[in-house]
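S.K.: Quick one: the structure is below, questions incoming.
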Amino acid sequence: WEGITCDDEHNIIEIDLHSNGLEGTVPPSLFMLDYLRALDLHSNMVDVTFEGIEMADRLKVLDLSHVKLNNVVGLKDAKGLEELYLTGCELHGFFPSDVLLLHRLKVVKIGWAGITSSLPSFHGMVELEHLSLPGNEITGSFPPGLSDLTKLKVLTLENNHLMGTIPLWISQQFQQLEILDLSGQRSDLLPLRYPGLGGHLPDFRFMPNLVSLDLSGNALKGTISHLFIQKANPETFFYADLSDNQLTGTVPNFNTKVNIDDIILVNNALRAIDPDLC
């Protein structure tokens, strides 16, 4: 059957019915499939509840992006879940507490879901490697507990309303990070209410695996360190975008082998360029 994967003993291990025009309510009996490891129903007009999900003790991957889901009550019982995708669901209000109890999660992607609370600390979720929460209305500053997520390779929080400074522990402790996107926190319509991330620009020299860094559309001030992306690998590095901030001073002679053209600096208050760059 299309979208159904079985093992050698004919046990259903994966169901992938994304974008199939499905409607109605997902039957709880799906969670009674003893060997089910992955369930992908994204982009269907289906209602989902998590009744009986505790029976799916082998379930590792759950993709319910863009379905008719407005709460995740009961999801905490999916103890073995490692990947969770809820982008485009209508989870308005606080970050869903059930998700924070799933300590085996490695991937969490919940974008454009109407979350309006502050950023949780993700206490105990130390296995996280990919955290993506773009396009919500998350407010406040970075909680200190987030610094425990040292296995992160991808952190994308663009187009929210984060404020305060970028903590030093992001650049110093997240040494496995490959993608960091904190862009678009400043609101041009409500700049006093949502000024974006401010303070000085930290350097990211302790991130040798960095592929892309986007801090555009904030209120970062001060000068740019010549050690900004010192250890970035020129073979894998893609770009760093610092545009639309309030950076000042001189564009330094970056102590790095990456292509200077891959560092975007437009719409700042930079006044000069280190002559060694010319």
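We name chains A, B, ... following the order of the structure tokens; residues begin at 1 in each chain, and ligands are numbered from 1 as shown.
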DSSP on the backbone: which residues in segment 78-216 of chain A end up as helix (DSSP H, G or I)? Give the answer as an MDAnalysis selection string.
M.R.: chainID A and resid 99:101 144:148 168:173
S.K.: Output N, CA and C atoms for every residue in that selection, as a short mmCIF file (atom, residue, chain, number, x, y, z; two decimals), in the first residue's frame.
M.R.:
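See result-v2.cif below for the written result:
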data_model
loop_
_atom_site.label_atom_id
_atom_site.label_comp_id
_atom_site.auth_asym_id
_atom_site.auth_seq_id
_atom_site.Cartn_x
_atom_site.Cartn_y
_atom_site.Cartn_z
N VAL A 99 4.95 18.95 25.57
CA VAL A 99 6.17 18.78 24.79
C VAL A 99 7.39 18.82 25.70
N LEU A 100 7.33 19.64 26.73
CA LEU A 100 8.48 19.82 27.63
C LEU A 100 8.73 18.60 28.51
N LEU A 101 7.83 17.65 28.49
CA LEU A 101 7.98 16.43 29.29
C LEU A 101 8.52 15.27 28.47
N PRO A 144 18.16 31.14 31.21
CA PRO A 144 19.47 30.53 31.44
C PRO A 144 19.48 29.02 31.24
N GLY A 145 18.37 28.35 31.53
CA GLY A 145 18.32 26.90 31.40
C GLY A 145 18.56 26.40 29.99
N LEU A 146 18.36 27.27 29.02
CA LEU A 146 18.58 26.88 27.62
C LEU A 146 20.04 26.53 27.37
N SER A 147 20.92 27.02 28.22
CA SER A 147 22.35 26.77 28.04
C SER A 147 22.72 25.30 28.22
N ASP A 148 21.81 24.50 28.79
CA ASP A 148 22.09 23.07 28.97
C ASP A 148 21.96 22.28 27.67
N LEU A 168 26.19 35.12 26.16
CA LEU A 168 27.50 34.63 25.76
C LEU A 168 27.54 33.12 25.65
N TRP A 169 26.68 32.45 26.46
CA TRP A 169 26.75 30.98 26.42
C TRP A 169 26.29 30.42 25.07
N ILE A 170 25.52 31.17 24.31
CA ILE A 170 25.15 30.68 22.98
C ILE A 170 26.39 30.54 22.12
N SER A 171 27.25 31.53 22.15
CA SER A 171 28.45 31.50 21.31
C SER A 171 29.57 30.66 21.91
N GLN A 172 29.55 30.43 23.22
CA GLN A 172 30.67 29.74 23.87
C GLN A 172 30.39 28.27 24.16
N GLN A 173 29.12 27.92 24.44
CA GLN A 173 28.81 26.56 24.85
C GLN A 173 28.16 25.72 23.74
#
S.K.: Neighbours of Ser97 of chain A within 12 Å (only C-alpha atoms; same-chain residues fewer than 4 positions away dropped), as number ranges by chain?
M.R.: A: 71-76, 91, 93, 101-102, 115, 117, 119-123
S.K.: Could you tell me, as a PyMOL selection string, which residues of segment 194-245 of chain A DSSP assigns to strand (DSSP E) when given the backbone?
M.R.: chain A and resi 197-198+212-214+221-222+239-241
S.K.: Show me, as a tab-separated table (two decimals) with C-alpha atoms, in the first residue's frame, the residues that have an atom within 8 Å of Asn233 of chain A when counting only C-alpha atoms, minus same-chain residues fewer than 5 positions from it.
M.R.:
chain	number	residue	atom	x	y	z
A	208	PRO	CA	33.90	25.52	14.08
A	209	ASN	CA	30.86	23.81	12.50
A	210	LEU	CA	28.94	27.02	11.79
A	257	LYS	CA	39.52	32.06	5.79
A	258	VAL	CA	35.85	32.42	4.83
S.K.: Find the residues near segment 131-140 of chain A: any atom within 10 Å, counting only C-alpha atoms, skip ones fewer than 2 places away on the same chain, and give them as a PyMOL selection string.
M.R.: chain A and resi 85-88+91-95+105-120+128-129+142-143+149+152-164+180-185+194+196-197
